[in-house]
$ cat entry.cif   # mmCIF, C-alpha atoms and all ligand atoms
data_input
#
loop_
_atom_site.label_atom_id
_atom_site.label_comp_id
_atom_site.auth_asym_id
_atom_site.auth_seq_id
_atom_site.Cartn_x
_atom_site.Cartn_y
_atom_site.Cartn_z
CA MET A 42 122.08 183.16 82.75
CA PHE A 43 118.96 184.59 84.23
CA ASP A 44 117.01 184.48 87.44
CA SER A 45 114.09 186.35 88.94
CA GLY A 46 116.58 188.43 90.91
CA VAL A 47 119.84 188.03 92.79
CA GLY A 48 119.32 184.43 93.94
CA GLY A 49 120.79 182.97 90.74
CA LEU A 50 124.10 184.54 91.74
CA THR A 51 124.60 181.41 93.87
CA VAL A 52 124.78 179.54 90.54
CA LEU A 53 127.11 182.17 89.09
CA LYS A 54 129.35 181.91 92.16
CA ALA A 55 129.54 178.12 91.87
CA LEU A 56 130.25 178.40 88.14
CA ARG A 57 132.97 181.03 88.65
CA GLU A 58 134.74 178.69 91.08
CA ARG A 59 134.81 176.02 88.38
CA MET A 60 135.24 178.14 85.24
CA PRO A 61 137.02 181.45 85.95
CA CYS A 62 137.61 182.23 82.26
CA GLU A 63 134.04 182.29 80.98
CA GLU A 64 132.39 185.59 80.04
CA ILE A 65 129.10 185.66 81.91
CA LEU A 66 126.06 187.79 81.25
CA TYR A 67 123.66 187.63 84.21
CA LEU A 68 120.13 188.99 84.06
CA GLY A 69 118.15 189.43 87.27
CA ASP A 70 114.51 190.32 86.67
CA THR A 71 114.25 192.18 89.98
CA ALA A 72 111.34 194.35 88.82
CA ARG A 73 109.09 191.27 88.64
CA LEU A 74 110.51 189.25 91.55
CA PRO A 75 109.36 186.92 93.04
CA TYR A 76 108.64 184.25 90.45
CA GLY A 77 107.99 181.62 93.13
CA THR A 78 104.48 182.82 93.93
CA LYS A 79 103.36 183.39 90.32
CA SER A 80 101.55 181.08 87.90
CA ALA A 81 103.43 178.82 85.50
CA HIS A 82 101.99 180.81 82.59
CA THR A 83 103.35 184.11 83.90
CA VAL A 84 106.76 182.71 84.82
CA THR A 85 107.08 181.15 81.34
CA ARG A 86 106.25 184.50 79.72
CA TYR A 87 108.87 186.25 81.87
CA ALA A 88 111.46 183.55 81.15
CA LEU A 89 110.95 183.87 77.39
CA GLN A 90 111.36 187.65 77.59
CA ALA A 91 114.56 187.34 79.63
CA THR A 92 115.86 184.83 77.11
CA VAL A 93 115.31 187.22 74.18
CA LYS A 94 117.35 189.89 75.98
CA LEU A 95 120.29 187.52 76.49
CA VAL A 96 120.17 185.88 73.07
CA GLU A 97 120.23 189.24 71.29
CA ARG A 98 123.61 189.92 72.92
CA GLY A 99 125.01 186.67 71.48
CA VAL A 100 125.41 183.85 73.98
CA LYS A 101 126.72 180.30 73.44
CA MET A 102 124.59 178.81 76.21
CA LEU A 103 121.55 179.77 78.25
CA VAL A 104 121.34 178.89 81.93
CA ILE A 105 118.03 179.18 83.72
CA ALA A 106 119.48 179.87 87.16
CA CYS A 107 116.06 180.04 88.81
CA ASN A 108 114.45 176.88 90.12
CA THR A 109 110.92 178.16 89.60
CA ALA A 110 111.59 179.13 85.97
CA SER A 111 113.50 175.88 85.39
CA SER A 112 110.54 173.95 86.77
CA VAL A 113 107.94 175.44 84.48
CA ALA A 114 109.66 177.07 81.50
CA VAL A 115 112.65 174.99 80.39
CA ASP A 116 110.78 173.30 77.52
CA ALA A 117 109.35 176.58 76.23
CA VAL A 118 112.79 178.23 76.36
CA ARG A 119 114.32 175.28 74.46
CA ARG A 120 111.59 175.39 71.80
CA ALA A 121 112.11 179.13 71.34
CA ASN A 122 115.87 178.71 70.92
CA PRO A 123 116.55 175.68 68.73
CA GLY A 124 120.24 174.82 68.52
CA LEU A 125 121.18 176.75 71.67
CA PRO A 126 122.07 174.63 74.70
CA VAL A 127 119.68 175.44 77.56
CA ILE A 128 120.49 174.23 81.08
CA GLY A 129 118.03 174.42 83.95
CA VAL A 130 118.83 173.77 87.58
CA VAL A 131 116.22 171.08 88.28
CA ARG A 132 117.58 168.08 86.40
CA PRO A 133 121.15 168.33 87.78
CA GLY A 134 119.72 168.67 91.31
CA ALA A 135 117.49 165.64 90.80
CA GLN A 136 120.42 163.59 89.48
CA ALA A 137 122.56 164.53 92.48
CA ALA A 138 119.73 163.65 94.88
CA CYS A 139 119.34 160.22 93.30
CA ARG A 140 123.06 159.62 93.63
CA ALA A 141 123.14 160.80 97.26
CA SER A 142 120.11 158.93 98.57
CA LYS A 143 120.57 155.38 99.81
CA SER A 144 117.04 154.88 101.08
CA GLY A 145 115.25 156.50 98.12
CA VAL A 146 113.35 158.82 100.46
CA ILE A 147 114.11 162.36 99.30
CA ALA A 148 112.84 165.71 100.57
CA VAL A 149 112.67 168.79 98.34
CA VAL A 150 112.28 172.34 99.65
CA ALA A 151 111.50 175.06 97.12
CA THR A 152 109.12 177.90 96.28
CA GLU A 153 105.39 177.34 95.98
CA GLY A 154 105.64 177.47 92.18
CA THR A 155 108.39 174.86 92.01
CA ILE A 156 106.60 172.47 94.35
CA ALA A 157 103.24 172.97 92.63
CA GLY A 158 104.80 172.40 89.18
CA GLY A 159 106.14 169.01 90.30
CA ALA A 160 109.30 169.22 88.18
CA TYR A 161 111.59 167.78 90.88
CA HIS A 162 109.16 164.90 91.41
CA ARG A 163 109.15 164.11 87.70
CA ALA A 164 112.92 164.44 87.31
CA ILE A 165 113.65 162.23 90.34
CA HIS A 166 111.04 159.64 89.36
CA ALA A 167 112.47 159.47 85.84
CA LEU A 168 115.71 158.24 87.40
CA ARG A 169 114.34 156.36 90.43
CA PRO A 170 110.72 155.42 89.88
CA GLU A 171 110.47 153.86 93.35
CA ALA A 172 111.67 157.00 95.17
CA LEU A 173 109.44 158.55 97.82
CA ILE A 174 109.57 162.32 97.46
CA LEU A 175 108.40 164.71 100.14
CA GLY A 176 108.04 168.22 98.76
CA ARG A 177 107.58 171.29 100.92
CA ALA A 178 107.14 174.91 99.88
CA THR A 179 109.25 177.09 102.18
CA PRO A 180 108.62 180.66 101.00
CA LEU A 181 109.94 182.32 104.18
CA PHE A 182 113.41 180.99 103.38
CA VAL A 183 113.50 183.36 100.38
CA ALA A 184 112.70 186.39 102.55
CA LEU A 185 115.22 185.34 105.23
CA ALA A 186 118.02 184.97 102.67
CA GLU A 187 117.26 188.35 101.08
CA GLU A 188 117.19 189.96 104.50
CA GLY A 189 120.60 188.45 105.24
CA TRP A 190 119.20 186.47 108.17
CA VAL A 191 121.04 183.32 107.21
CA GLU A 192 121.75 182.00 110.70
CA GLY A 193 120.60 182.35 114.28
CA GLU A 194 117.60 181.58 116.38
CA ILE A 195 114.90 183.00 114.12
CA THR A 196 116.18 181.32 110.96
CA GLU A 197 116.64 177.98 112.71
CA GLY A 198 113.18 178.36 114.23
CA VAL A 199 111.63 178.83 110.79
CA ALA A 200 113.67 175.92 109.42
CA ALA A 201 112.54 173.72 112.30
CA ARG A 202 108.88 174.63 111.73
CA TYR A 203 109.14 173.68 108.06
CA LEU A 204 111.42 170.67 108.34
CA MET A 205 110.79 168.88 111.62
CA PRO A 206 107.43 167.42 110.49
CA ILE A 207 109.40 165.75 107.67
CA PHE A 208 112.64 164.84 109.43
CA ASP A 209 111.30 164.12 112.93
CA PRO A 210 107.64 163.17 112.51
CA PRO A 211 105.63 162.19 115.57
CA SER A 212 106.12 158.54 116.48
CA GLY A 213 103.26 156.13 115.93
CA SER A 214 102.24 153.30 113.68
CA ASP A 215 101.71 155.57 110.67
CA ARG A 216 105.06 157.32 111.13
CA PRO A 217 106.12 158.22 107.59
CA SER A 218 109.54 157.39 106.16
CA VAL A 219 112.23 159.88 107.03
CA PRO A 220 114.34 161.24 104.13
CA ASP A 221 118.10 160.70 104.02
CA THR A 222 118.53 163.48 101.43
CA LEU A 223 117.32 167.08 101.20
CA VAL A 224 117.34 169.02 97.93
CA LEU A 225 117.69 172.80 98.31
CA GLY A 226 115.51 173.48 95.28
CA CYS A 227 115.71 177.26 95.27
CA THR A 228 118.49 179.69 94.41
CA HIS A 229 118.34 181.35 97.82
CA PHE A 230 118.59 178.29 100.01
CA PRO A 231 122.34 177.58 99.80
CA LEU A 232 122.77 180.70 101.97
CA LEU A 233 120.75 178.99 104.69
CA ALA A 234 122.53 175.63 104.43
CA GLY A 235 124.26 176.06 107.81
CA ALA A 236 121.03 176.82 109.67
CA ILE A 237 119.23 173.98 107.87
CA ARG A 238 122.08 171.60 108.74
CA ASN A 239 121.80 172.57 112.43
CA VAL A 240 118.13 171.63 112.33
CA ILE A 241 118.22 168.36 110.37
CA GLY A 242 121.50 167.06 111.80
CA PRO A 243 124.70 165.74 110.26
CA ASP A 244 123.39 162.54 108.67
CA VAL A 245 121.13 163.94 105.98
CA ALA A 246 122.78 164.61 102.59
CA ILE A 247 122.10 168.17 101.46
CA VAL A 248 121.98 168.72 97.69
CA ASP A 249 122.72 172.29 96.67
CA SER A 250 121.05 172.86 93.29
CA ALA A 251 123.38 175.78 92.52
CA ALA A 252 126.50 173.62 92.81
CA THR A 253 125.00 170.72 90.86
CA ALA A 254 123.86 173.11 88.09
CA ALA A 255 127.38 174.55 87.87
CA ASP A 256 128.78 171.01 87.47
CA ALA A 257 126.29 170.36 84.65
CA ILE A 258 127.16 173.63 82.88
CA GLN A 259 130.86 172.84 83.10
CA ALA A 260 130.34 169.31 81.75
CA GLU A 261 128.18 170.54 78.86
CA LEU A 262 130.68 173.24 77.83
CA ARG A 263 133.57 170.78 78.00
CA ASP A 264 131.75 168.02 76.12
CA SER A 265 130.75 170.40 73.33
CA GLY A 266 134.28 171.88 73.15
CA GLN A 267 132.98 175.35 73.95
CA THR A 268 134.99 176.30 77.01
CA ASN A 269 136.81 179.60 76.91
CA GLY A 270 140.45 178.56 76.60
CA ARG A 271 142.16 181.89 77.04
CA ASP A 272 144.17 182.78 80.14
CA GLY A 273 143.01 185.22 82.79
CA CYS A 274 139.66 185.96 84.29
CA GLY A 275 136.44 186.20 82.34
CA GLY A 276 134.26 189.24 82.98
CA THR A 277 130.73 189.41 84.29
CA LEU A 278 128.14 191.91 83.13
CA PHE A 279 125.00 192.22 85.20
CA LEU A 280 121.64 193.26 83.78
CA THR A 281 118.73 194.14 86.01
CA THR A 282 115.17 195.28 85.40
CA ASP A 283 115.07 197.47 88.52
CA ASP A 284 117.33 199.67 90.66
CA ALA A 285 120.98 198.94 89.78
CA SER A 286 122.36 200.07 93.14
CA LYS A 287 120.02 197.76 95.03
CA PHE A 288 121.02 194.90 92.73
CA ALA A 289 124.70 195.61 93.46
CA ARG A 290 124.05 195.76 97.21
CA THR A 291 121.91 192.62 97.62
CA GLY A 292 123.77 190.78 94.89
CA THR A 293 127.07 191.22 96.72
CA MET A 294 125.66 189.15 99.58
CA PHE A 295 124.63 186.29 97.29
CA LEU A 296 127.79 186.37 95.18
CA GLY A 297 130.13 186.67 98.14
CA THR A 298 132.30 189.21 96.27
CA PRO A 299 131.57 192.89 95.68
CA ILE A 300 129.48 193.90 92.66
CA ALA A 301 130.31 197.40 91.42
CA GLU A 302 127.29 199.48 90.48
CA GLN A 303 128.93 200.46 87.19
CA ASP A 304 128.92 196.77 86.17
CA VAL A 305 125.11 196.67 86.50
CA GLU A 306 123.05 197.79 83.52
CA LEU A 307 119.37 198.64 83.76
CA VAL A 308 117.31 196.95 81.02
CA ASP A 309 113.66 196.77 80.07
CA LEU A 310 112.15 193.45 79.04
N1 LIG B 401 114.84 182.33 92.11
C1 LIG B 401 113.67 181.72 92.71
C2 LIG B 401 113.84 180.20 92.68
O1 LIG B 401 114.93 179.68 92.64
C3 LIG B 401 113.45 182.20 94.12
C4 LIG B 401 112.99 183.63 94.23
C5 LIG B 401 111.66 183.89 93.56
O2 LIG B 401 110.62 183.40 94.04
O3 LIG B 401 111.67 184.55 92.54
O4 LIG B 401 112.87 179.50 92.71
#
$ encode --input "entry.cif" --output "structure tokens"
Amino acid sequence: MFDSGVGGLTVLKALRERMPCEEILYLGDTARLPYGTKSAHTVTRYALQATVKLVERGVKMLVIACNTASSVAVDAVRRANPGLPVIGVVRPGAQAACRASKSGVIAVVATEGTIAGGAYHRAIHALRPEALILGRATPLFVALAEEGWVEGEITEGVAARYLMPIFDPPSGSDRPSVPDTLVLGCTHFPLLAGAIRNVIGPDVAIVDSAATAADAIQAELRDSGQTNGRDGCGGTLFLTTDDASKFARTGTMFLGTPIAEQDVELVDL
């Protein structure tokens, strides 16, 4: 699987909980992070380069663990790798949102690139054409998660600034519909789920695109008979395009378990 950096480790973590035996190769393109502010053309080029690096090591499946890359590059990655299953994080998140929402009013928070690309809108509308989707780019959430500021006054203040106009709009005759579901459409946002929950209250369903992607990966491997059946734990090898020790340090926070620097290999794309 690959991501622009350490954020995709939230997908790895969710997958490990479900499938402890799989051998996982994770590439974080930290040298070129962030993807969320870059053009679709650039992110697609980066995604194709990351894919080559993983495919040359022999993988049975490719996971695009980055929402921005999934939004803009999944078709190009599939075309470049015929016969190899490619799973992005957008479609599983959209499916979960459609299942969770009763009212059909769904909010999506993500990077600028993901929102501008409109992939969540298309994926949700393909399943629920009548859905009303309110998308909001929330780039400061990425910085807060990387800084480890996942809770507290400042983080909740930022969340309130982004989300209250959607979840508690000013009253009046043109008061827009309020969503009953919020998609966390970025790898980093599951870390902020507690702070976001404090702001939007207990009644809104929160869809974590890392968890829903992990469910989709598990289902695909099972359905195609490709799960690793042996006993014991599968290993993880980390590849990064920049400083291995920084990857190990920041990655540990996202993965929730320590990453040893000797398990991180520096690669050039
Ligand atoms: N991994 C990116 C995503 O899920 C967030 C970080 C970035 O902008 O590169 O959209």
$ residues_around --input "entry.cif" --residues "A:Ser286" --least-positions-apart "3" --cutoff "12 Å" --atoms "all atoms listed in the file" --output "list in words"
Thr71, Phe279, Leu280, Thr281, Thr282, Asp283, Ala289, Arg290, Thr291, Gly292, Thr293, Pro299, Ile300, Ala301, Glu302, Gln303, Asp304, Val305, Glu306 and Leu307 of chain A
$ residues_near_ligand --input "entry.cif" --ligand "ligand LIG 401 (chain B)" --cutoff "7 Å" --atoms "all atoms listed in the file" --output "list in words"
Asp44, Ser45, Gly46, Gly48, Gly49, Leu74, Pro75, Tyr76, Gly77, Thr78, Cys107, Asn108, Thr109, Ala110, Ala151, Thr152, Thr155, Val183, Gly226, Cys227, Thr228 and His229 of chain A
$ atom_distance --input "entry.cif" --atom1 "atom CA of A:Ser265" --atom2 "atom CA of A:Pro126"
9.8 Å
$ residues_around --input "entry.cif" --residues "A:Ala255" --least-positions-apart "4" --cutoff "10 Å" --atoms "all atoms listed in the file" --output "compact mmCIF listing (two decimals) with C-alpha atoms, keeping the file's coordinate frame"
# COMPACT_ATOMS: atom_id res chain seq x y z
CA THR A 51 124.60 181.41 93.87
CA VAL A 52 124.78 179.54 90.54
CA LEU A 53 127.11 182.17 89.09
CA LYS A 54 129.35 181.91 92.16
CA ALA A 55 129.54 178.12 91.87
CA LEU A 56 130.25 178.40 88.14
CA ARG A 57 132.97 181.03 88.65
CA GLU A 58 134.74 178.69 91.08
CA ARG A 59 134.81 176.02 88.38
CA MET A 60 135.24 178.14 85.24
CA VAL A 104 121.34 178.89 81.93
CA ALA A 106 119.48 179.87 87.16
CA ILE A 128 120.49 174.23 81.08
CA VAL A 130 118.83 173.77 87.58
CA PRO A 133 121.15 168.33 87.78
CA SER A 250 121.05 172.86 93.29
CA ALA A 251 123.38 175.78 92.52
CA GLN A 259 130.86 172.84 83.10
CA ALA A 260 130.34 169.31 81.75
CA GLU A 261 128.18 170.54 78.86
$ atom_distance --input "entry.cif" --atom1 "atom CA of A:Gly158" --atom2 "atom CA of A:Thr92"
20.6 Å
$ closest_residue --input "entry.cif" --among "A:Val219, A:Ile241, A:Cys274, A:Ile165" --to "A:Ile65" --atoms "all atoms listed in the file"
A:Cys274
$ atom_distance --input "entry.cif" --atom1 "atom CA of A:Ala141" --atom2 "atom CA of A:Leu223"
9.4 Å
$ residues_near_point --input "entry.cif" --point "(119.1, 161.0, 91.1)" --cutoff "9 Å" --atoms "all atoms listed in the file" --output "list in words"
Arg132, Pro133, Gly134, Ala135, Gln136, Ala137, Ala138, Cys139, Arg140, Ala141, Ser142, Ala164, Ile165, His166, Ala167, Leu168 and Arg169 of chain A
$ closest_residue --input "entry.cif" --among "A:Pro243, A:Gly145, A:Gly154, A:Gly193" --to "A:Val113" --atoms "only C-alpha atoms"
A:Gly154
$ closest_residue --input "entry.cif" --among "A:Leu66, A:Leu95, A:Leu232, A:Val84" --to "A:Ala186" --atoms "only C-alpha atoms"
A:Leu232
$ closest_residue --input "entry.cif" --among "A:Val240, A:Pro220, A:Ile247, A:Gly176" --to "A:Arg202" --atoms "only C-alpha atoms"
A:Val240
$ closest_residue --input "entry.cif" --among "A:Leu173, A:Gly159, A:Ala81, A:Val308" --to "A:Ser218" --atoms "all atoms listed in the file"
A:Leu173
$ closest_residue --input "entry.cif" --among "A:Ala184, A:Ala246, A:Arg86, A:Val127" --to "A:Lys143" --atoms "all atoms listed in the file"
A:Ala246
$ decode --input "entry.cif" --residues "stretch 47-69 of chain A" --atoms "N, CA, C and O atoms" --output "compact mmCIF listing (two decimals), in the first residue's frame"
# COMPACT_ATOMS: atom_id res chain seq x y z
N VAL A 47 2.81 9.30 6.21
CA VAL A 47 2.49 8.36 7.30
C VAL A 47 0.99 8.18 7.53
O VAL A 47 0.57 7.28 8.23
N GLY A 48 0.17 9.06 6.93
CA GLY A 48 -1.27 9.02 7.17
C GLY A 48 -1.90 7.67 6.84
O GLY A 48 -2.77 7.18 7.56
N GLY A 49 -1.42 7.05 5.75
CA GLY A 49 -1.98 5.76 5.33
C GLY A 49 -1.77 4.66 6.35
O GLY A 49 -2.35 3.57 6.24
N LEU A 50 -0.93 4.93 7.36
CA LEU A 50 -0.74 3.93 8.41
C LEU A 50 -2.04 3.71 9.20
O LEU A 50 -2.19 2.68 9.86
N THR A 51 -2.98 4.65 9.11
CA THR A 51 -4.29 4.40 9.75
C THR A 51 -5.00 3.26 9.02
O THR A 51 -5.74 2.49 9.63
N VAL A 52 -4.76 3.16 7.71
CA VAL A 52 -5.35 2.04 6.94
C VAL A 52 -4.61 0.74 7.30
O VAL A 52 -5.23 -0.30 7.53
N LEU A 53 -3.29 0.84 7.38
CA LEU A 53 -2.50 -0.34 7.75
C LEU A 53 -2.93 -0.86 9.12
O LEU A 53 -3.10 -2.06 9.32
N LYS A 54 -3.09 0.07 10.06
CA LYS A 54 -3.50 -0.32 11.42
C LYS A 54 -4.84 -1.07 11.40
O LYS A 54 -4.98 -2.13 12.00
N ALA A 55 -5.79 -0.49 10.66
CA ALA A 55 -7.12 -1.12 10.58
C ALA A 55 -7.03 -2.48 9.90
O ALA A 55 -7.73 -3.44 10.28
N LEU A 56 -6.16 -2.59 8.90
CA LEU A 56 -6.01 -3.86 8.19
C LEU A 56 -5.33 -4.91 9.08
O LEU A 56 -5.74 -6.08 9.12
N ARG A 57 -4.32 -4.49 9.83
CA ARG A 57 -3.62 -5.40 10.75
C ARG A 57 -4.58 -6.00 11.78
O ARG A 57 -4.48 -7.17 12.13
N GLU A 58 -5.52 -5.15 12.25
CA GLU A 58 -6.49 -5.65 13.25
C GLU A 58 -7.35 -6.77 12.65
O GLU A 58 -7.74 -7.69 13.33
N ARG A 59 -7.62 -6.65 11.35
CA ARG A 59 -8.47 -7.64 10.69
C ARG A 59 -7.68 -8.82 10.15
O ARG A 59 -8.16 -9.93 10.12
N MET A 60 -6.47 -8.56 9.66
CA MET A 60 -5.70 -9.58 8.95
C MET A 60 -4.25 -9.60 9.45
O MET A 60 -3.34 -9.10 8.79
N PRO A 61 -4.01 -10.21 10.62
CA PRO A 61 -2.67 -10.16 11.21
C PRO A 61 -1.62 -10.95 10.42
O PRO A 61 -0.43 -10.73 10.61
N CYS A 62 -2.06 -11.86 9.55
CA CYS A 62 -1.07 -12.74 8.88
C CYS A 62 -0.52 -12.18 7.58
O CYS A 62 0.43 -12.75 7.03
N GLU A 63 -1.12 -11.13 7.05
CA GLU A 63 -0.66 -10.65 5.73
C GLU A 63 0.73 -10.00 5.83
O GLU A 63 1.06 -9.35 6.81
N GLU A 64 1.51 -10.19 4.78
CA GLU A 64 2.80 -9.49 4.65
C GLU A 64 2.50 -8.15 3.99
O GLU A 64 1.92 -8.12 2.90
N ILE A 65 2.87 -7.07 4.64
CA ILE A 65 2.50 -5.75 4.10
C ILE A 65 3.74 -4.92 3.79
O ILE A 65 4.67 -4.82 4.60
N LEU A 66 3.72 -4.38 2.59
CA LEU A 66 4.78 -3.47 2.15
C LEU A 66 4.11 -2.09 2.07
O LEU A 66 3.14 -1.91 1.33
N TYR A 67 4.62 -1.16 2.86
CA TYR A 67 4.00 0.17 2.94
C TYR A 67 4.99 1.21 2.44
O TYR A 67 6.11 1.31 2.94
N LEU A 68 4.56 1.99 1.46
CA LEU A 68 5.42 3.06 0.94
C LEU A 68 4.82 4.42 1.28
O LEU A 68 3.67 4.71 0.92
N GLY A 69 5.58 5.23 1.99
CA GLY A 69 5.15 6.60 2.30
C GLY A 69 6.05 7.57 1.55
O GLY A 69 7.25 7.63 1.80
